[in-house]
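Chemist: The structure under discussion is supplied below as structure tokens; questions concerning it will follow.
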Amino acid sequence: MLFRQSTAKLVLRSLACFLALLLWPAGAVFGFELPRIYFTDCVLDRVQVPPGGKIAGSIALWNYEAAPASDLTLGYELSYGPPGAKKILDSRTGVPFALAAGERRSFKFEYWLPYKLPSRIQMGDGGLTLRVKVANSLGTVLAWTDKIIYSDAAGAFFTLDYLADPSSKNPGILSPGGSPEVRFTMTSPPDLRQGEMISKVIRYQTCKKGSESCRESELPLELDAASRKTIAYRLPVFAEPGFYRTVVRMVNKGSGDIVSNSLEYAWIVKEPQGNAQIHYASLDKDTYPAGSIASLRVGFSAVDWIIGADKELSVAAKILAGDGAIAGEAVKAVKMSDREALLRIPITKEADNPKASLILSIGGHPVDNYEFLAKEQEANSSEGQVKIPEPVLPGFWPLFFTRFSLYIAVFSGFVLIGAVVYGFKVIAPYLKAKKKLRSKKKFANKSAVNSGSLGALLDEFDEIEKRNKRFKSPK
């Protein structure tokens, strides 16, 4: 009886923990609640796709909030590998959109697979994972859904891996003027041909948050087939404080094709007072008449250990009308432990689809900023289409060799079909006639043999008959 009670308590506690995890908001990881946007449907027109092939899909989203959700983008992430060790192959983002309060909305989208993909041996049995996700322009992911697709390899594909040392993936915080080192391993495919590495380079692309320009650097490499090598490369100096992201890929220098998975590194160059960043912000309405109050919710967090939980910050917000004039503004002091701020902003001028401009400061020194529109142009329609750009086609020769195996397979198929048809129409009748001729010759020979034997036997009978007559005749 005691055992049954203990088992029942254990089951109830496990169920309670499961429900708590299920209902716990995703934003609790950051210390605040992210806007609740859910995928209610996701359909792809096919799951078997050739390299470079197009997938047409549709999704349905639901904004569960009583406030509009703006500055949203629909993007995707293509990866392979087991859970927890996914390798990113491709990542792109579509155009911005918005959802009205409580709105359910459908989208159609098109996505093209890269032309260079890992082999089945490299991918394993799990196929490729296409993650369709909704995020804001700050990179904060609000919702996602995964679909499994399958494709065949096209050309030699290289594998990049983080080192086992955790610092190789999370290098930490840098001082201004610092130059971080990127360390990882690279494995070439087993079917690599000699000389394949001559035109390959490792490309390092570094982008700063809030900046439209990125800087690139390249490192030429030479590897033998099925070799594994540890690579260390020191990036150029980071002079300005802020948030940086470095993406590492292997590229075919001649055609520009990406021929490996990508690795991503996050860098933080310290501000004098410390670093903090905005993760999301939302307005309660998309239109404000003069004399109304706008509610602006902002989620933020610290990104280093210099700032204590009691460190004071300030959030300054401006509401701009369509003509760019200030329709309202407010400043609120908050503590880092708050993680979220709610600003109530008096509106002095009518603003339809206003723009919100935010500045997060520490000790009066700005450390992050964010701007967004209350709604996007596409939010007025019940069904939209989010365009994800098609990848750039490779040059003629890379594309020719990429599809060379397909050409050979199709040509071989036609040759095989022609051979079968030719066999049935020409060779088969010839063999049949030849077999019939052989049968006739065999029968003729057998008849000739039989005829010769019968003649000899008749001659012998005649001789015997003559002897009998001579024996019986009287003298």
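Within each chain, counting starts at residue 1; across the structure tokens, chains are named A, B, ... in the order shown, with ligands numbered 1 upward in that order.
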May I have the residues within 9 Å of Leu61 in chain A as a PyMOL selection string, using only C-alpha atoms and disregarding those fewer than 4 positions away in the same chain?

Modeler: chain A and resi 37-41+99+103-107

Chemist: Write to file, as a PDB file, in the first residue's frame, the residues of the selection just made, with C-alpha atoms.

Modeler:
```pdb
ATOM      1  CA  ILE A  37       2.913  33.879 -31.098  1.00  0.00           C
ATOM      2  CA  TYR A  38       2.121  30.306 -32.106  1.00  0.00           C
ATOM      3  CA  PHE A  39       2.345  28.201 -35.253  1.00  0.00           C
ATOM      4  CA  THR A  40      -1.027  26.538 -35.832  1.00  0.00           C
ATOM      5  CA  ASP A  41      -0.088  24.881 -39.145  1.00  0.00           C
ATOM      6  CA  LEU A  99       0.137  40.760 -36.625  1.00  0.00           C
ATOM      7  CA  GLU A 103      -4.994  37.923 -35.366  1.00  0.00           C
ATOM      8  CA  ARG A 104      -4.756  34.537 -37.087  1.00  0.00           C
ATOM      9  CA  ARG A 105      -2.965  34.823 -40.378  1.00  0.00           C
ATOM     10  CA  SER A 106      -1.763  32.552 -43.182  1.00  0.00           C
ATOM     11  CA  PHE A 107       1.411  32.948 -45.205  1.00  0.00           C
TER      12      PHE A 107
END
```

Chemist: Compare A:Thr185, A:Ser79, A:Gln277, A:Thr230 by their minimum atom-to-atom distance to Gly242 in chain A, counting only C-alpha atoms, and give me the closest one.

Modeler: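 For Gly242 in chain A, the nearest of the candidates is A:Gln277.
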
Chemist: Extract, using only C-alpha atoms, all DNA, RNA and protein residues at most 7 Å from Arg183 in chain A, discarding same-chain residues fewer than 6 positions from it, and format them as an MDAnalysis selection string.

Modeler: chainID A and resid 163 168 231:233

Chemist: Store the residues picked out above in a file with N, CA and C atoms, as a PDB file, in the first residue's frame.

Modeler:
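So the final result, stored in part35.pdb, reads:
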```pdb
ATOM      1  N   LEU A 163      35.421  23.068 -31.224  1.00  0.00           N
ATOM      2  CA  LEU A 163      36.293  22.248 -30.389  1.00  0.00           C
ATOM      3  C   LEU A 163      35.573  21.863 -29.109  1.00  0.00           C
ATOM      4  N   SER A 168      35.969  27.733 -26.978  1.00  0.00           N
ATOM      5  CA  SER A 168      36.098  27.876 -28.421  1.00  0.00           C
ATOM      6  C   SER A 168      34.788  28.313 -29.049  1.00  0.00           C
ATOM      7  N   ILE A 231      41.994  24.262 -36.939  1.00  0.00           N
ATOM      8  CA  ILE A 231      42.316  25.558 -37.521  1.00  0.00           C
ATOM      9  C   ILE A 231      42.151  26.639 -36.464  1.00  0.00           C
ATOM     10  N   ALA A 232      43.129  27.511 -36.368  1.00  0.00           N
ATOM     11  CA  ALA A 232      43.088  28.664 -35.475  1.00  0.00           C
ATOM     12  C   ALA A 232      43.349  29.912 -36.296  1.00  0.00           C
ATOM     13  N   TYR A 233      42.475  30.906 -36.145  1.00  0.00           N
ATOM     14  CA  TYR A 233      42.612  32.134 -36.925  1.00  0.00           C
ATOM     15  C   TYR A 233      42.252  33.318 -36.043  1.00  0.00           C
TER      16      TYR A 233
END
```

Chemist: Got a sec: who's within 8 Å of range 113-127 of chain A, counting only C-alpha atoms, leaving out chain neighbours fewer than 6 positions off, as a count of residues only?

Modeler: 29

Chemist: So the first atom is CA of Ile278 in chain A and the second is CA of Arg131 in chain A; what is the distance between them in Å, to one decimal place?

Modeler: 24.3 Å

Chemist: Quick one, how far is CA of Thr145 in chain A from CA of Cys42 in chain A?

Modeler: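 Spanning CA of Thr145 in chain A to CA of Cys42 in chain A is a straight-line distance of 7.6 Å.
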
Chemist: Name the residues in contact with Ala321 in chain A at a cut-off of 7 Å, using only C-alpha atoms, excluding same-chain residues fewer than 6 positions from it; report them as a list of chain:residue names.

Modeler: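 These residues fall inside the cut-off: A:Ala327, A:Ala351, A:Asp352, A:Pro354, A:Lys355.
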
Chemist: According to DSSP computed on the backbone, where in range 241-303 of chain A is there strand (DSSP E)? Give the residues as JSON, numbers by chain.

Modeler: {"A": [242, 243, 244, 245, 246, 247, 248, 249, 250, 251, 252, 263, 264, 265, 266, 267, 268, 269, 276, 277, 278, 279, 280, 281, 282, 283, 287, 288, 293, 294, 295, 296, 297, 298, 299, 300, 301, 302]}

Chemist: Take the residues just selected and output them with C-alpha atoms as a compact mmCIF listing (two decimals), in the first residue's frame.

Modeler:
```
# COMPACT_ATOMS: atom_id res chain seq x y z
CA GLY A 242 29.13 46.67 -29.00
CA PHE A 243 27.77 43.28 -30.03
CA TYR A 244 29.40 41.31 -32.84
CA ARG A 245 28.69 38.05 -34.62
CA THR A 246 31.17 36.07 -36.71
CA VAL A 247 30.09 33.39 -39.19
CA VAL A 248 32.69 30.90 -40.46
CA ARG A 249 32.19 28.96 -43.70
CA MET A 250 34.21 27.21 -46.38
CA VAL A 251 33.72 28.74 -49.81
CA ASN A 252 34.67 27.76 -53.34
CA LEU A 263 29.81 28.07 -37.31
CA GLU A 264 28.65 31.15 -35.41
CA TYR A 265 30.48 33.05 -32.67
CA ALA A 266 29.13 35.90 -30.51
CA TRP A 267 31.47 38.65 -29.35
CA ILE A 268 30.88 41.44 -26.83
CA VAL A 269 33.26 44.38 -26.72
CA ALA A 276 23.08 45.45 -21.73
CA GLN A 277 20.78 44.84 -24.68
CA ILE A 278 17.15 45.09 -25.72
CA HIS A 279 15.48 41.81 -26.72
CA TYR A 280 12.03 43.00 -27.75
CA ALA A 281 9.54 45.87 -27.47
CA SER A 282 5.86 46.25 -28.32
CA LEU A 283 3.17 48.90 -28.33
CA THR A 287 -2.99 54.15 -33.79
CA TYR A 288 -3.05 56.86 -31.10
CA ILE A 293 -1.70 57.16 -23.49
CA ALA A 294 0.60 54.71 -25.26
CA SER A 295 1.82 51.67 -23.35
CA LEU A 296 5.27 50.46 -24.39
CA ARG A 297 6.67 47.20 -23.02
CA VAL A 298 10.43 46.61 -23.27
CA GLY A 299 12.42 43.47 -22.40
CA PHE A 300 16.17 43.75 -21.72
CA SER A 301 19.02 41.94 -19.98
CA ALA A 302 22.66 42.26 -18.97
```

Chemist: Kindly give the distance, in Å, that separates CA of Phe238 in chain A and CA of Leu219 in chain A, rounded to a single decimal.

Modeler: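 Between CA of Phe238 in chain A and CA of Leu219 in chain A the gap is 18.7 Å.
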
Chemist: Using only C-alpha atoms, which of the listed residues (A:Ser175, A:Asn136, A:Ser188, A:Thr129) sits closest to Pro272 in chain A?

Modeler: A:Ser175

Chemist: Write out as a list in words which residues come within 10 Å of Ala66 in chain A when counting only C-alpha atoms, dropping same-chain ones fewer than 3 positions away.

Modeler: Pro35, Arg36, Asn63, Ala69, Ala100, Ala101, Gly102, Glu103, Asp284 and Lys285 of chain A

Chemist: Extract, using only C-alpha atoms, all DNA, RNA and protein residues at most 8 Å from Val132 in chain A, discarding same-chain residues fewer than 3 positions from it, and format them as a compact mmCIF listing (two decimals) with N, CA and C atoms, in the first residue's frame.

Modeler:
```
# COMPACT_ATOMS: atom_id res chain seq x y z
N LEU A 74 9.73 36.40 -41.03
CA LEU A 74 9.65 34.96 -41.21
C LEU A 74 10.93 34.50 -41.88
N GLY A 75 11.65 33.62 -41.25
CA GLY A 75 12.91 33.13 -41.80
C GLY A 75 13.01 31.62 -41.67
N TYR A 76 14.14 31.09 -42.04
CA TYR A 76 14.32 29.65 -41.97
C TYR A 76 15.76 29.36 -41.58
N GLU A 77 15.95 28.12 -41.15
CA GLU A 77 17.28 27.62 -40.80
C GLU A 77 17.34 26.16 -41.22
N TRP A 144 8.75 28.88 -33.54
CA TRP A 144 9.34 28.11 -34.64
C TRP A 144 8.64 26.77 -34.78
N THR A 145 8.83 26.14 -35.93
CA THR A 145 8.34 24.79 -36.19
C THR A 145 9.34 24.11 -37.11
N ASP A 146 9.53 22.80 -36.92
CA ASP A 146 10.53 22.04 -37.67
C ASP A 146 9.85 21.06 -38.63
```
